[in-house]
Amino acid sequence: MNWHAHDGRLSRRELLRGVGLAGAALGIGGAELERLIRAGQVIAAGDTLVVAQDTSVQTFDPQIVYDNTVRITRGVYETLVALDGSTPRIVPRLATAWTAAPDVRQWTLTLRPGVRFHDGAAFTSEAVKVTFERLIKINRGFAYAFKPVVAGIETPDPMTVRFNLSTPDAAFLAKLASISGGLVVSPKAVTEHASGDDLAQGWLRDHTAGTGPYMLERWDKGQQQVTLTQFPGYWGGWNGSHFKRIIFQIVTEASTQRLMLERGDADVATIVAPDLIDALARQPGIKIAEHPTMRIFYIAMHCQREPLKDPKIRQALSYAFDYEGARQAIFNNRLAPLNGPLPENDPAHLVTPKPYKFDLAKARQLLSESSRPKGGFTLSLFLFQGDPTFRKAAEILQAGLRELNVQVTIQEMTSSVLLDKAGKPETAPDLLPVRNYPDYADPSAMIEATFGKDSWGTAGWNFSFYANDRVERLLAGANEITAQMRRLQMFQEAQLVIVAEAPAIFIGTLINRVPMRSDVQGFSYNPLLGNTFDLYGIHKG
Amino acid sequence: MAQYILRRLALLLPLLLGVSLLLFVLTHLIPADPARLIAGEHAGPEQVAAVRKAFGLDRPLPQQYLIYLAKLTRGDLGVSMRTSSDVGSDLREYFPATLELTGAAMIATIAIGVPLGLVAAIGRGGPLDLLAQLVSLSGLSFPIFFFGLILQLVFSRWLDWFPLAGRLATGNLAPAHITGLYVVDALLTGDFATLRSALVHLALPTLTLALALLALEVRMTRSTMLEVLSQDYMRTAWAKGLVPFTVYIRHGLRNALIPIVTVMGLHANALLGGVFLVEVIFAWPGLGLYSVEGILALDYSAIMGTALLLTLVFVLVNLAVDLTYAVLDPRIRY
């Protein structure tokens, strides 16, 4: 007999006795242990909103922020004009009235009196001048919309500001109402906290000085937590129901956000994965706010390179995509239709029925009339890494094109690598599934960025490398007049040209789905304001 | 001994230099333009060029490297393109969280792994051995994120025993900053409410990290102990009539410790790798989250800073392991 076994028996008896004793101790102490553990978890109070935020904070600087941190900064800073509810209609905010010169080269705005910044400074035309000059000088994010057009800013009196433009810009007011960039900052803070010529970028990275309803109370990097608190001197007042504090807890992992919402650790989640949101929708105590966005989902086709240079082939591809299958497989049926560059909720949307449907016979016929009647070519397709919606769309297209004897090679890469390649016509793929949204409430924003000749690649968002003189003339013409009816007609004409030439496969318009606890009330979403929601109006019922 | 330590530390310099050069070349070889990501989705080419100039990316590569090195000698790790803040201060902010988590996981691995391996070896073939094998096998078979999600679901969602994520309860203030390790800082300042909150928040991520490494620790302890148990000196110890505790711990475990400590050193390194995933799942604001975002945005300074810091940690851990040998076995001299 080997004597390990002998010793083992002895020890085992002792050990089992020990384990038993420990178990008993744990049993006795179980309730106490649970009480102790629970004491470490504090559930948020009713006057506090906890948002599980998907993006870490890089900066709060209102002239730089261009990611989902605007969800936070839009509660702290305000724009001159705003959008009414969920519509593209422009309404007063820090400015109460506005006029455009007949040649649309000058916009004059009257400012709201009695507004103060969180640092005590009064809001005057000087603040507007400092803000926009700062935006243009820093030249990041949203500066692209103002830098080419703003020639100068005048302040005839403290309550009047005048923008002089270098070219006519009928969409200028809409640009002022956009999600970021034009968020007005305190000139006092910019002067007092400037270090060298940094225009206070260093200070405004971690601090704020706006006029908005909420002030930044704390940005705790160690806990990745941003706490906003009510600004008592807010010009809009605090009548009605509002949260006292709003906490953004940064949680990038979607499944963790889901569990936080289920447990009540968070009131609002910011995840987008359709499967997780569907799972949440089935849970008691949770509701999903659903609104159509203006975020279009499409596959760009390279119009400058053979074989897709041939419009017939692009049209054939547009008929070879299973739109209905994609709606179900990718978005669990939550996708609004799209028949051109502008979504249904855009005032200039084409009211014609969807021109391209899934019709392989029609696709084969168009291909037979093209420069490659028998197919037999291979197209490259790039995918943004980690986005299942793009991958599924690519696979659906791949399957459809196989029927036309066209092969698709799919390559997945990180966004930095992908954008570098897709940004130039020489290295761009033949096909690129992508999303785009208008940056401001004017149809020109989307059409120009997606199919404008100056927006090729990453200069805008024209990954089709599409250019059409008639479209360019129509867009330029629409910028020179303010008569809205005529402008809408011009945008519709431009869309008809684009749709006929099929520079992209228009799959659909995304639906914004925000999961939240059932007692959250007053949630308001505007499709032109990205993934943000109005922090002032939200409250618990 | 002091000479040995100095020699090892002196080797650190060329090592860090080599790592920095390798990383610099590798990160810059990636055909991507971080300036495009920083400037924003709809930024024009002129805007992108301005960002490139602001961060010195328009200079020739060798010049960029020399500038980086010159700054490094002054202890300046550069500015993160993503956050525009000093990488050194970012690391000071995020590293303590990672250190706290890996430290706790290390302690948990040893505290559970060594005793489990020990009893498995002593009771070879018995039910405890089976249990240890089962723990090892599952630890080896499941990916770390799976453990994380399961623990969250069971202990947080269903049983509601532990918080789901984060370092403290939402809305709680961090303890006064001394070390940046919340548990230690709360203890030092006598802030027991925060200490409790920090400990319960630490529990699940620690367990997740520890479970993945437990397997190796248990198996290593078990096999080394089995070998030691069959040695002549063990038989002598039994023959002398010593109590089992003295035989197993003082004569057995002590002699088995050297390979176990070696594995622990390797574990510390593996922990720092695994911690990245665990940090993402548990929204633990440490280096993992920071570097993953840095890598995705190709934030050169952040990637380099993190890698250099981790290299330093690896070297120091291995040095500590080597020095422990001398403590455990007086025959080992440096």
# chains A, B, ... in the order shown; residues from 1 in each chain; ligands from 1
>>> residues_around(residues="Leu72 in chain B", least_positions_apart="6", cutoff="12 Å", atoms="only C-alpha atoms", output="list in words")
Leu13, Leu16, Leu17, Ser20, Tyr65, Leu66, Gly78, Val79, Val87, Gly88, Ser301, Met304, Gly305 and Leu308 of chain B
>>> select_by_dssp(residues="range 63-296 of chain B", states="helix (DSSP H, G or I)", output="MDAnalysis selection string")
chainID B and resid 63:73 87:122 127:141 144:158 182:188 192:229 232:239 244:281 287:296
>>> closest_residue(among="B:Pro96, B:Ile107, B:Leu77, B:Leu116", to="Leu130 in chain B", atoms="only C-alpha atoms")
B:Leu116
>>> residues_around(residues="Thr229 in chain A", least_positions_apart="2", cutoff="7 Å", atoms="only C-alpha atoms", output="PyMOL selection string")
chain A and resi 214-217+227+231+244-246
>>> closest_residue(among="A:Val251, A:Ile286, A:Thr211, A:Glu126", to="Val280 in chain B", atoms="only C-alpha atoms")
A:Val251
>>> residues_around(residues="Leu12 in chain B", least_positions_apart="4", cutoff="10 Å", atoms="only C-alpha atoms", output="PyMOL selection string")
chain B and resi 6-8+16-18+311-312+315-316
>>> closest_residue(among="B:Gly265, B:Ala210, B:Phe55, B:Leu159", to="Val313 in chain B", atoms="only C-alpha atoms")
B:Gly265
